[in-house]
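For reference, coords18.pdb is printed below; it contains PDB, C-alpha atoms.
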MODEL        1
ATOM      1  CA  GLY A  13      -2.487 -12.036  12.465  1.00  0.00           C
ATOM      2  CA  GLU A  14      -0.610  -8.816  11.943  1.00  0.00           C
ATOM      3  CA  ASN A  15      -2.783  -5.737  11.953  1.00  0.00           C
ATOM      4  CA  VAL A  16      -2.416  -1.984  11.576  1.00  0.00           C
ATOM      5  CA  GLU A  17      -5.224   0.279  12.739  1.00  0.00           C
ATOM      6  CA  GLN A  18      -5.468   3.862  11.522  1.00  0.00           C
ATOM      7  CA  HIS A  19      -7.523   6.812  12.780  1.00  0.00           C
ATOM      8  CA  PRO A  20      -9.344   8.918  11.829  1.00  0.00           C
ATOM      9  CA  SER A  21     -10.788   7.644   8.566  1.00  0.00           C
ATOM     10  CA  THR A  22     -11.563  11.202   7.463  1.00  0.00           C
ATOM     11  CA  LEU A  23     -10.071  14.492   8.581  1.00  0.00           C
ATOM     12  CA  SER A  24     -10.900  18.041   7.552  1.00  0.00           C
ATOM     13  CA  VAL A  25      -8.692  20.926   8.645  1.00  0.00           C
ATOM     14  CA  GLN A  26      -8.479  24.623   7.852  1.00  0.00           C
ATOM     15  CA  GLU A  27      -5.651  25.602   5.547  1.00  0.00           C
ATOM     16  CA  GLY A  28      -2.650  26.551   7.659  1.00  0.00           C
ATOM     17  CA  ASP A  29      -3.662  24.375  10.599  1.00  0.00           C
ATOM     18  CA  SER A  30      -1.999  21.106  11.586  1.00  0.00           C
ATOM     19  CA  ALA A  31      -3.221  17.576  10.894  1.00  0.00           C
ATOM     20  CA  VAL A  32      -2.425  14.465  12.907  1.00  0.00           C
ATOM     21  CA  ILE A  33      -3.057  10.860  11.873  1.00  0.00           C
ATOM     22  CA  LYS A  34      -2.496   7.999  14.289  1.00  0.00           C
ATOM     23  CA  CYS A  35      -1.751   4.305  13.800  1.00  0.00           C
ATOM     24  CA  THR A  36      -1.252   1.305  16.042  1.00  0.00           C
ATOM     25  CA  TYR A  37       0.336  -2.018  15.116  1.00  0.00           C
ATOM     26  CA  SER A  38       0.068  -5.475  16.596  1.00  0.00           C
ATOM     27  CA  ASP A  39       3.351  -7.186  15.660  1.00  0.00           C
ATOM     28  CA  SER A  40       5.982  -6.249  18.230  1.00  0.00           C
ATOM     29  CA  ALA A  41       8.675  -7.368  15.745  1.00  0.00           C
ATOM     30  CA  SER A  42       7.719  -4.574  13.333  1.00  0.00           C
ATOM     31  CA  ASN A  43      10.682  -2.282  12.776  1.00  0.00           C
ATOM     32  CA  TYR A  44       9.920  -0.172   9.701  1.00  0.00           C
ATOM     33  CA  PHE A  45       7.007   2.256   9.430  1.00  0.00           C
ATOM     34  CA  PRO A  46       6.415   4.060   6.129  1.00  0.00           C
ATOM     35  CA  TRP A  47       3.697   6.589   5.327  1.00  0.00           C
ATOM     36  CA  TYR A  48       2.224   6.813   1.845  1.00  0.00           C
ATOM     37  CA  LYS A  49       0.188   9.553   0.194  1.00  0.00           C
ATOM     38  CA  GLN A  50      -2.292   8.680  -2.535  1.00  0.00           C
ATOM     39  CA  GLU A  51      -3.793  11.474  -4.594  1.00  0.00           C
ATOM     40  CA  LEU A  52      -7.020  10.836  -6.461  1.00  0.00           C
ATOM     41  CA  GLY A  53      -6.503   8.381  -9.295  1.00  0.00           C
ATOM     42  CA  LYS A  54      -2.797   8.032  -8.648  1.00  0.00           C
ATOM     43  CA  ARG A  55      -0.509   5.442  -7.136  1.00  0.00           C
ATOM     44  CA  PRO A  56       0.560   5.566  -3.468  1.00  0.00           C
ATOM     45  CA  GLN A  57       3.887   7.305  -2.953  1.00  0.00           C
ATOM     46  CA  LEU A  58       6.172   7.306   0.070  1.00  0.00           C
ATOM     47  CA  ILE A  59       6.314  10.624   1.898  1.00  0.00           C
ATOM     48  CA  ILE A  60       8.262   9.702   5.031  1.00  0.00           C
ATOM     49  CA  ASP A  61       9.358   6.624   6.944  1.00  0.00           C
ATOM     50  CA  ILE A  62      10.821   5.791  10.327  1.00  0.00           C
ATOM     51  CA  ARG A  63      12.694   2.839  11.781  1.00  0.00           C
ATOM     52  CA  SER A  64      12.289   1.388  15.234  1.00  0.00           C
ATOM     53  CA  ASN A  65      15.616   2.719  16.501  1.00  0.00           C
ATOM     54  CA  VAL A  66      14.403   6.299  16.015  1.00  0.00           C
ATOM     55  CA  GLY A  67      11.673   8.073  17.978  1.00  0.00           C
ATOM     56  CA  GLU A  68      11.010  10.976  15.648  1.00  0.00           C
ATOM     57  CA  LYS A  69      11.822  12.091  12.126  1.00  0.00           C
ATOM     58  CA  LYS A  70      11.057  15.352  10.390  1.00  0.00           C
ATOM     59  CA  ASP A  71      11.073  16.455   6.770  1.00  0.00           C
ATOM     60  CA  GLN A  72      10.004  20.071   6.256  1.00  0.00           C
ATOM     61  CA  ARG A  73       6.296  20.257   7.183  1.00  0.00           C
ATOM     62  CA  ILE A  74       5.965  16.531   7.803  1.00  0.00           C
ATOM     63  CA  ALA A  75       7.021  14.642  10.919  1.00  0.00           C
ATOM     64  CA  VAL A  76       6.514  11.120  12.187  1.00  0.00           C
ATOM     65  CA  THR A  77       6.770   9.945  15.796  1.00  0.00           C
ATOM     66  CA  LEU A  78       7.084   6.372  17.042  1.00  0.00           C
ATOM     67  CA  ASN A  79       6.330   4.917  20.470  1.00  0.00           C
ATOM     68  CA  LYS A  80       7.584   1.324  20.442  1.00  0.00           C
ATOM     69  CA  THR A  81       6.360   0.570  23.942  1.00  0.00           C
ATOM     70  CA  ALA A  82       2.813   1.521  23.091  1.00  0.00           C
ATOM     71  CA  LYS A  83       3.126   0.232  19.518  1.00  0.00           C
ATOM     72  CA  HIS A  84       1.810   3.357  17.934  1.00  0.00           C
ATOM     73  CA  PHE A  85       3.096   5.942  15.478  1.00  0.00           C
ATOM     74  CA  SER A  86       1.735   9.217  14.159  1.00  0.00           C
ATOM     75  CA  LEU A  87       2.021  11.519  11.157  1.00  0.00           C
ATOM     76  CA  HIS A  88       2.023  15.255  11.754  1.00  0.00           C
ATOM     77  CA  ILE A  89       1.536  17.769   8.953  1.00  0.00           C
ATOM     78  CA  THR A  90       1.998  21.414   9.884  1.00  0.00           C
ATOM     79  CA  GLU A  91       0.925  24.549   7.976  1.00  0.00           C
ATOM     80  CA  THR A  92      -1.366  22.474   5.771  1.00  0.00           C
ATOM     81  CA  GLN A  93      -1.837  23.494   2.145  1.00  0.00           C
ATOM     82  CA  PRO A  94      -4.453  22.567  -0.483  1.00  0.00           C
ATOM     83  CA  GLU A  95      -2.036  20.126  -2.130  1.00  0.00           C
ATOM     84  CA  ASP A  96      -1.940  18.112   1.101  1.00  0.00           C
ATOM     85  CA  SER A  97      -5.476  16.910   0.329  1.00  0.00           C
ATOM     86  CA  ALA A  98      -5.178  13.164  -0.337  1.00  0.00           C
ATOM     87  CA  VAL A  99      -5.548   9.765   1.281  1.00  0.00           C
ATOM     88  CA  TYR A 100      -2.732   8.882   3.669  1.00  0.00           C
ATOM     89  CA  PHE A 101      -1.797   5.302   4.562  1.00  0.00           C
ATOM     90  CA  CYS A 102       0.402   4.186   7.409  1.00  0.00           C
ATOM     91  CA  ALA A 103       2.137   0.828   7.207  1.00  0.00           C
ATOM     92  CA  ALA A 104       4.282  -1.515   9.228  1.00  0.00           C
ATOM     93  CA  TRP A 105       6.864  -4.104   8.259  1.00  0.00           C
ATOM     94  CA  GLY A 106       8.498  -6.623  10.513  1.00  0.00           C
ATOM     95  CA  SER A 107      10.797  -9.556  10.010  1.00  0.00           C
ATOM     96  CA  SER A 108       8.249 -11.983  11.430  1.00  0.00           C
ATOM     97  CA  ALA A 109       5.681 -11.004   8.844  1.00  0.00           C
ATOM     98  CA  SER A 110       7.983 -10.239   5.916  1.00  0.00           C
ATOM     99  CA  LYS A 111       5.261  -8.184   4.270  1.00  0.00           C
ATOM    100  CA  ILE A 112       4.070  -4.602   4.443  1.00  0.00           C
ATOM    101  CA  ILE A 113       0.714  -4.267   6.156  1.00  0.00           C
ATOM    102  CA  PHE A 114      -1.218  -1.068   5.517  1.00  0.00           C
ATOM    103  CA  GLY A 115      -3.703   0.801   7.652  1.00  0.00           C
ATOM    104  CA  SER A 116      -7.144   1.514   6.257  1.00  0.00           C
ATOM    105  CA  GLY A 117      -6.283   5.057   5.196  1.00  0.00           C
ATOM    106  CA  THR A 118      -7.217   8.620   6.199  1.00  0.00           C
ATOM    107  CA  ARG A 119      -8.888  10.963   3.730  1.00  0.00           C
ATOM    108  CA  LEU A 120      -7.493  14.413   4.506  1.00  0.00           C
ATOM    109  CA  SER A 121      -9.301  17.474   3.188  1.00  0.00           C
ATOM    110  CA  ILE A 122      -7.892  20.990   3.506  1.00  0.00           C
ATOM    111  CA  ARG A 123     -10.538  23.742   3.722  1.00  0.00           C
ATOM    112  CA  PRO A 124      -9.569  27.056   2.111  1.00  0.00           C
TER     113      PRO A 124
ATOM    114  CA  GLY B   9      12.714   0.469 -16.513  1.00  0.00           C
ATOM    115  CA  ALA B  10      12.425   3.640 -14.514  1.00  0.00           C
ATOM    116  CA  GLY B  11       9.579   2.428 -12.336  1.00  0.00           C
ATOM    117  CA  VAL B  12       7.145  -0.388 -11.671  1.00  0.00           C
ATOM    118  CA  SER B  13       5.088  -1.072 -14.758  1.00  0.00           C
ATOM    119  CA  GLN B  14       1.711  -2.817 -14.799  1.00  0.00           C
ATOM    120  CA  SER B  15      -0.359  -3.971 -17.728  1.00  0.00           C
ATOM    121  CA  PRO B  16      -3.001  -3.614 -18.816  1.00  0.00           C
ATOM    122  CA  SER B  17      -3.983  -0.275 -17.281  1.00  0.00           C
ATOM    123  CA  ASN B  18      -7.636  -1.120 -17.645  1.00  0.00           C
ATOM    124  CA  LYS B  19      -9.377  -4.428 -18.190  1.00  0.00           C
ATOM    125  CA  VAL B  20     -13.065  -5.062 -18.691  1.00  0.00           C
ATOM    126  CA  THR B  21     -14.033  -8.708 -18.664  1.00  0.00           C
ATOM    127  CA  GLU B  22     -17.183 -10.746 -18.601  1.00  0.00           C
ATOM    128  CA  LYS B  23     -18.129 -12.636 -15.475  1.00  0.00           C
ATOM    129  CA  GLY B  24     -16.712 -16.149 -15.583  1.00  0.00           C
ATOM    130  CA  LYS B  25     -13.736 -15.321 -17.789  1.00  0.00           C
ATOM    131  CA  ASP B  26     -10.112 -15.651 -16.676  1.00  0.00           C
ATOM    132  CA  VAL B  27      -7.800 -12.635 -16.548  1.00  0.00           C
ATOM    133  CA  GLU B  28      -4.046 -12.173 -16.250  1.00  0.00           C
ATOM    134  CA  LEU B  29      -2.500  -9.055 -14.770  1.00  0.00           C
ATOM    135  CA  ARG B  30       1.174  -8.334 -15.273  1.00  0.00           C
ATOM    136  CA  CYS B  31       3.719  -6.535 -13.104  1.00  0.00           C
ATOM    137  CA  ASP B  32       7.214  -5.590 -14.196  1.00  0.00           C
ATOM    138  CA  PRO B  33       9.141  -4.465 -11.107  1.00  0.00           C
ATOM    139  CA  ILE B  34      12.105  -2.130 -10.879  1.00  0.00           C
ATOM    140  CA  SER B  35      15.250  -3.905 -12.049  1.00  0.00           C
ATOM    141  CA  GLY B  36      17.127  -5.456  -9.143  1.00  0.00           C
ATOM    142  CA  HIS B  37      14.189  -5.373  -6.725  1.00  0.00           C
ATOM    143  CA  THR B  38      13.867  -8.811  -5.171  1.00  0.00           C
ATOM    144  CA  ALA B  39      10.669  -8.230  -3.211  1.00  0.00           C
ATOM    145  CA  LEU B  40       7.346  -7.915  -5.031  1.00  0.00           C
ATOM    146  CA  TYR B  41       3.891  -7.346  -3.549  1.00  0.00           C
ATOM    147  CA  TRP B  42       0.356  -7.491  -4.905  1.00  0.00           C
ATOM    148  CA  TYR B  43      -2.417  -5.467  -3.294  1.00  0.00           C
ATOM    149  CA  ARG B  44      -6.070  -4.936  -4.141  1.00  0.00           C
ATOM    150  CA  GLN B  45      -7.842  -1.605  -3.688  1.00  0.00           C
ATOM    151  CA  SER B  46     -11.585  -1.447  -4.023  1.00  0.00           C
ATOM    152  CA  LEU B  47     -13.177   1.934  -4.742  1.00  0.00           C
ATOM    153  CA  GLY B  48     -12.443   4.323  -1.909  1.00  0.00           C
ATOM    154  CA  GLN B  49     -10.984   1.574   0.226  1.00  0.00           C
ATOM    155  CA  GLY B  50      -7.589   0.629   1.648  1.00  0.00           C
ATOM    156  CA  LEU B  51      -4.788  -1.569   0.390  1.00  0.00           C
ATOM    157  CA  GLU B  52      -5.647  -5.237   0.838  1.00  0.00           C
ATOM    158  CA  PHE B  53      -2.574  -7.497   0.860  1.00  0.00           C
ATOM    159  CA  LEU B  54      -2.782 -10.401  -1.586  1.00  0.00           C
ATOM    160  CA  ILE B  55       0.630 -12.031  -1.955  1.00  0.00           C
ATOM    161  CA  TYR B  56       4.320 -11.368  -1.477  1.00  0.00           C
ATOM    162  CA  PHE B  57       7.317 -12.702  -3.437  1.00  0.00           C
ATOM    163  CA  GLN B  58      10.940 -12.815  -2.419  1.00  0.00           C
ATOM    164  CA  GLY B  59      12.753 -13.731  -5.602  1.00  0.00           C
ATOM    165  CA  ASN B  60      10.641 -16.396  -7.309  1.00  0.00           C
ATOM    166  CA  SER B  61       9.208 -17.864  -4.143  1.00  0.00           C
ATOM    167  CA  ALA B  62       6.043 -16.757  -2.403  1.00  0.00           C
ATOM    168  CA  PRO B  63       6.546 -17.126   1.348  1.00  0.00           C
ATOM    169  CA  ASP B  64       3.190 -15.540   2.058  1.00  0.00           C
ATOM    170  CA  LYS B  65       0.055 -16.258   0.064  1.00  0.00           C
ATOM    171  CA  SER B  66      -2.251 -15.637   2.992  1.00  0.00           C
ATOM    172  CA  GLY B  67      -4.054 -12.713   1.403  1.00  0.00           C
ATOM    173  CA  LEU B  68      -5.339 -14.467  -1.693  1.00  0.00           C
ATOM    174  CA  PRO B  69      -9.148 -14.271  -1.346  1.00  0.00           C
ATOM    175  CA  SER B  70      -9.930 -17.670  -2.847  1.00  0.00           C
ATOM    176  CA  ASP B  71      -8.455 -20.496  -4.904  1.00  0.00           C
ATOM    177  CA  ARG B  72      -9.527 -18.613  -8.026  1.00  0.00           C
ATOM    178  CA  PHE B  73      -6.565 -16.319  -7.417  1.00  0.00           C
ATOM    179  CA  SER B  74      -2.997 -17.366  -8.155  1.00  0.00           C
ATOM    180  CA  ALA B  75       0.271 -15.633  -8.875  1.00  0.00           C
ATOM    181  CA  GLU B  76       3.682 -16.514 -10.108  1.00  0.00           C
ATOM    182  CA  ARG B  77       6.992 -14.819 -10.617  1.00  0.00           C
ATOM    183  CA  THR B  78       9.644 -16.027 -13.003  1.00  0.00           C
ATOM    184  CA  GLY B  79      13.300 -15.125 -13.280  1.00  0.00           C
ATOM    185  CA  GLY B  80      13.002 -13.030 -10.152  1.00  0.00           C
ATOM    186  CA  SER B  81      11.399 -10.324 -12.237  1.00  0.00           C
ATOM    187  CA  VAL B  82       7.994 -10.216 -13.935  1.00  0.00           C
ATOM    188  CA  SER B  83       4.984 -11.406 -11.982  1.00  0.00           C
ATOM    189  CA  THR B  84       1.519 -12.344 -13.188  1.00  0.00           C
ATOM    190  CA  LEU B  85      -1.624 -12.416 -11.088  1.00  0.00           C
ATOM    191  CA  THR B  86      -4.289 -14.699 -12.511  1.00  0.00           C
ATOM    192  CA  ILE B  87      -7.945 -14.599 -11.568  1.00  0.00           C
ATOM    193  CA  GLN B  88     -10.013 -17.515 -12.821  1.00  0.00           C
ATOM    194  CA  ARG B  89     -13.766 -17.471 -13.326  1.00  0.00           C
ATOM    195  CA  THR B  90     -13.984 -13.778 -12.463  1.00  0.00           C
ATOM    196  CA  GLN B  91     -16.841 -12.512 -10.312  1.00  0.00           C
ATOM    197  CA  GLN B  92     -18.242  -8.997 -10.001  1.00  0.00           C
ATOM    198  CA  GLU B  93     -16.751  -8.663  -6.521  1.00  0.00           C
ATOM    199  CA  ASP B  94     -13.298  -9.024  -8.098  1.00  0.00           C
ATOM    200  CA  SER B  95     -13.728  -5.551  -9.621  1.00  0.00           C
ATOM    201  CA  ALA B  96     -11.026  -3.327  -8.116  1.00  0.00           C
ATOM    202  CA  VAL B  97      -7.667  -1.735  -8.807  1.00  0.00           C
ATOM    203  CA  TYR B  98      -4.837  -4.253  -8.497  1.00  0.00           C
ATOM    204  CA  LEU B  99      -1.601  -2.641  -7.423  1.00  0.00           C
ATOM    205  CA  CYS B 100       1.867  -4.114  -7.602  1.00  0.00           C
ATOM    206  CA  ALA B 101       4.845  -2.826  -5.632  1.00  0.00           C
ATOM    207  CA  SER B 102       8.504  -3.768  -5.468  1.00  0.00           C
ATOM    208  CA  SER B 103      11.348  -3.069  -3.083  1.00  0.00           C
ATOM    209  CA  VAL B 104      15.019  -3.781  -2.685  1.00  0.00           C
ATOM    210  CA  GLY B 105      15.730  -6.720  -0.437  1.00  0.00           C
ATOM    211  CA  GLN B 106      13.375  -8.555   1.819  1.00  0.00           C
ATOM    212  CA  GLY B 107      11.824  -5.572   3.479  1.00  0.00           C
ATOM    213  CA  GLY B 108      12.328  -2.540   5.608  1.00  0.00           C
ATOM    214  CA  THR B 109      12.856  -0.419   2.518  1.00  0.00           C
ATOM    215  CA  GLU B 110      10.660   1.790   0.370  1.00  0.00           C
ATOM    216  CA  ALA B 111       8.132  -0.030  -1.746  1.00  0.00           C
ATOM    217  CA  PHE B 112       7.496   1.571  -5.135  1.00  0.00           C
ATOM    218  CA  PHE B 113       4.032   1.130  -6.603  1.00  0.00           C
ATOM    219  CA  GLY B 114       2.942   0.659 -10.171  1.00  0.00           C
ATOM    220  CA  GLN B 115       0.031   2.640 -11.587  1.00  0.00           C
ATOM    221  CA  GLY B 116      -2.302  -0.295 -11.099  1.00  0.00           C
ATOM    222  CA  THR B 117      -4.681  -2.295 -13.269  1.00  0.00           C
ATOM    223  CA  ARG B 118      -8.335  -1.322 -13.005  1.00  0.00           C
ATOM    224  CA  LEU B 119     -10.346  -4.509 -13.402  1.00  0.00           C
ATOM    225  CA  THR B 120     -14.057  -4.308 -14.123  1.00  0.00           C
ATOM    226  CA  VAL B 121     -16.099  -7.495 -14.246  1.00  0.00           C
ATOM    227  CA  VAL B 122     -19.423  -7.085 -16.033  1.00  0.00           C
TER     228      VAL B 122
ENDMDL
END
Spit out the file's structure as structure tokens when you get a sec.
Amino acid sequence: GENVEQHPSTLSVQEGDSAVIKCTYSDSASNYFPWYKQELGKRPQLIIDIRSNVGEKKDQRIAVTLNKTAKHFSLHITETQPEDSAVYFCAAWGSSASKIIFGSGTRLSIRP
Amino acid sequence: GAGVSQSPSNKVTEKGKDVELRCDPISGHTALYWYRQSLGQGLEFLIYFQGNSAPDKSGLPSDRFSAERTGGSVSTLTIQRTQQEDSAVYLCASSVGQGGTEAFFGQGTRLTVV
């Protein structure tokens, strides 16, 4: 069935450094790729998304890249800050699946 | 309402009892999703609704789990004969249209089976 793999499961970076989280998907019909941030005890919230007709999208310190051929996409956070500490989930949606499938999550910790 | 609303926020139940979890999506959102999140784990897909129909029930863990949606709005997730392994946070999300748009999550229902 449809699957989204996410790596790494945990990531610790020094404040000010960059963080990169990578995901791969199995359904070649997937065409929408959102990223969600979940702070401790809170609900997941969308931070950025990308569609299959775009290779890269940026929003301030956050960027997402998509390689359709390789079926992988990545989240890049630059100049990390303490408030970036959270669990990040990638996801994929495609018309053949008609549901949003999430990766297993990455726990990002920012060291002061 | 302003966002996706779930009730109750917390539910403690005895093993073997039935429970009903409610999700009230954002008005006008036709797609509704249920996910389960065990402590420190990811988002496990349970079921998806488009309008009142459920094209995909593949994630329901067993026949003790069922869900319905009426009037294209409120959805209830029912767990019969609860087991301790059912303990988790149950999250509901809704989105405009069939997909490819932002899904907004509710605050979740924390279910504890004792």
Please identify every residue of chain B that has at least one atom no farther than 12 Å from an atom of chain A, counting all atoms listed in the file, and for each give the shortest atom pair and the distance in Å to one decimal, arranged by chain then increasing number, as JSON lines.
{"residue": "B:Gly11", "atom": "CA", "partner": "A:Arg55", "partner_atom": "CA", "distance": 11.7}
{"residue": "B:Val12", "atom": "CA", "partner": "A:Arg55", "partner_atom": "CA", "distance": 10.6}
{"residue": "B:Ser13", "atom": "CA", "partner": "A:Arg55", "partner_atom": "CA", "distance": 11.5}
{"residue": "B:Gln14", "atom": "CA", "partner": "A:Arg55", "partner_atom": "CA", "distance": 11.5}
{"residue": "B:Ala39", "atom": "CA", "partner": "A:Lys111", "partner_atom": "CA", "distance": 9.2}
{"residue": "B:Leu40", "atom": "CA", "partner": "A:Lys111", "partner_atom": "CA", "distance": 9.5}
{"residue": "B:Tyr41", "atom": "CA", "partner": "A:Lys111", "partner_atom": "CA", "distance": 8.0}
{"residue": "B:Trp42", "atom": "CA", "partner": "A:Lys111", "partner_atom": "CA", "distance": 10.4}
{"residue": "B:Tyr43", "atom": "CA", "partner": "A:Phe114", "partner_atom": "CA", "distance": 9.9}
{"residue": "B:Arg44", "atom": "CA", "partner": "A:Phe114", "partner_atom": "CA", "distance": 11.5}
{"residue": "B:Gln45", "atom": "CA", "partner": "A:Ser116", "partner_atom": "CA", "distance": 10.4}
{"residue": "B:Ser46", "atom": "CA", "partner": "A:Ser116", "partner_atom": "CA", "distance": 11.6}
{"residue": "B:Leu47", "atom": "CA", "partner": "A:Gly53", "partner_atom": "CA", "distance": 10.3}
{"residue": "B:Gly48", "atom": "CA", "partner": "A:Val99", "partner_atom": "CA", "distance": 9.3}
{"residue": "B:Gln49", "atom": "CA", "partner": "A:Ser116", "partner_atom": "CA", "distance": 7.1}
{"residue": "B:Gly50", "atom": "CA", "partner": "A:Ser116", "partner_atom": "CA", "distance": 4.7}
{"residue": "B:Leu51", "atom": "CA", "partner": "A:Phe114", "partner_atom": "CA", "distance": 6.3}
{"residue": "B:Glu52", "atom": "CA", "partner": "A:Phe114", "partner_atom": "CA", "distance": 7.7}
{"residue": "B:Phe53", "atom": "CA", "partner": "A:Ile113", "partner_atom": "CA", "distance": 7.0}
{"residue": "B:Leu54", "atom": "CA", "partner": "A:Lys111", "partner_atom": "CA", "distance": 10.2}
{"residue": "B:Ile55", "atom": "CA", "partner": "A:Lys111", "partner_atom": "CA", "distance": 8.7}
{"residue": "B:Tyr56", "atom": "CA", "partner": "A:Lys111", "partner_atom": "CA", "distance": 6.6}
{"residue": "B:Phe57", "atom": "CA", "partner": "A:Lys111", "partner_atom": "CA", "distance": 9.2}
{"residue": "B:Gln58", "atom": "CA", "partner": "A:Ser110", "partner_atom": "CA", "distance": 9.2}
{"residue": "B:Ala62", "atom": "CA", "partner": "A:Ser110", "partner_atom": "CA", "distance": 10.7}
{"residue": "B:Pro63", "atom": "CA", "partner": "A:Ser110", "partner_atom": "CA", "distance": 8.4}
{"residue": "B:Asp64", "atom": "CA", "partner": "A:Lys111", "partner_atom": "CA", "distance": 8.0}
{"residue": "B:Lys65", "atom": "CA", "partner": "A:Lys111", "partner_atom": "CA", "distance": 10.5}
{"residue": "B:Ser66", "atom": "CA", "partner": "A:Gly13", "partner_atom": "CA", "distance": 10.1}
{"residue": "B:Gly67", "atom": "CA", "partner": "A:Lys111", "partner_atom": "CA", "distance": 10.7}
{"residue": "B:Val97", "atom": "CA", "partner": "A:Gly53", "partner_atom": "CA", "distance": 10.2}
{"residue": "B:Tyr98", "atom": "CA", "partner": "A:Arg55", "partner_atom": "CA", "distance": 10.7}
{"residue": "B:Leu99", "atom": "CA", "partner": "A:Arg55", "partner_atom": "CA", "distance": 8.2}
{"residue": "B:Cys100", "atom": "CA", "partner": "A:Arg55", "partner_atom": "CA", "distance": 9.9}
{"residue": "B:Ala101", "atom": "CA", "partner": "A:Pro56", "partner_atom": "CA", "distance": 9.7}
{"residue": "B:Ser102", "atom": "CA", "partner": "A:Ile112", "partner_atom": "CA", "distance": 10.9}
{"residue": "B:Ser103", "atom": "CA", "partner": "A:Ile112", "partner_atom": "CA", "distance": 10.6}
{"residue": "B:Gly105", "atom": "CA", "partner": "A:Ser110", "partner_atom": "CA", "distance": 10.6}
{"residue": "B:Gln106", "atom": "CA", "partner": "A:Ser110", "partner_atom": "CA", "distance": 7.0}
{"residue": "B:Gly107", "atom": "CA", "partner": "A:Ser110", "partner_atom": "CA", "distance": 6.5}
{"residue": "B:Gly108", "atom": "CA", "partner": "A:Tyr44", "partner_atom": "CA", "distance": 5.3}
{"residue": "B:Thr109", "atom": "CA", "partner": "A:Tyr44", "partner_atom": "CA", "distance": 7.8}
{"residue": "B:Glu110", "atom": "CA", "partner": "A:Leu58", "partner_atom": "CA", "distance": 7.1}
{"residue": "B:Ala111", "atom": "CA", "partner": "A:Leu58", "partner_atom": "CA", "distance": 7.8}
{"residue": "B:Phe112", "atom": "CA", "partner": "A:Gln57", "partner_atom": "CA", "distance": 7.1}
{"residue": "B:Phe113", "atom": "CA", "partner": "A:Arg55", "partner_atom": "CA", "distance": 6.3}
{"residue": "B:Gly114", "atom": "CA", "partner": "A:Arg55", "partner_atom": "CA", "distance": 6.6}
{"residue": "B:Gln115", "atom": "CA", "partner": "A:Arg55", "partner_atom": "CA", "distance": 5.3}
{"residue": "B:Gly116", "atom": "CA", "partner": "A:Arg55", "partner_atom": "CA", "distance": 7.2}
{"residue": "B:Thr117", "atom": "CA", "partner": "A:Arg55", "partner_atom": "CA", "distance": 10.7}
{"residue": "B:Arg118", "atom": "CA", "partner": "A:Gly53", "partner_atom": "CA", "distance": 10.5}
Can you pull out the residues contacting A:Asp71? Cut-off 12 Å, using all atoms listed in the file, and skip same-chain residues under 2 positions away; I want them as a compact mmCIF listing (two decimals) with C-alpha atoms, keeping the file's coordinate frame.
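So the final result, stored in part_10.txt, reads:
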# COMPACT_ATOMS: atom_id res chain seq x y z
CA ILE A 59 6.31 10.62 1.90
CA ILE A 60 8.26 9.70 5.03
CA ASP A 61 9.36 6.62 6.94
CA ILE A 62 10.82 5.79 10.33
CA GLU A 68 11.01 10.98 15.65
CA LYS A 69 11.82 12.09 12.13
CA ARG A 73 6.30 20.26 7.18
CA ILE A 74 5.96 16.53 7.80
CA ALA A 75 7.02 14.64 10.92
CA VAL A 76 6.51 11.12 12.19
CA THR A 77 6.77 9.94 15.80
CA LEU A 87 2.02 11.52 11.16
CA HIS A 88 2.02 15.26 11.75
CA ILE A 89 1.54 17.77 8.95
CA THR A 90 2.00 21.41 9.88
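If you look at atom CA of B:Glu22 and atom CA of B:Thr86, they are 14.8 Å away from each other.
Proximity ranking of B:Val82, B:Ser70, B:Ser17, B:Leu119 relative to B:Gly36 places B:Val82 first, based on only C-alpha atoms.
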Enter the distance from atom CA of A:Ala103 to atom CA of B:Gln91, in Å, rounded to one decimal. 29.1 Å
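For the pair atom CA of A:Lys83 and atom CA of A:Val66, the interatomic distance is 13.3 Å.
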Just the residues within 10 Å of A:His84, please, counting all atoms listed in the file, with nothing from its chain fewer than 2 positions along; format it as number ranges by chain. A: 16-18, 34-38, 77-82, 86
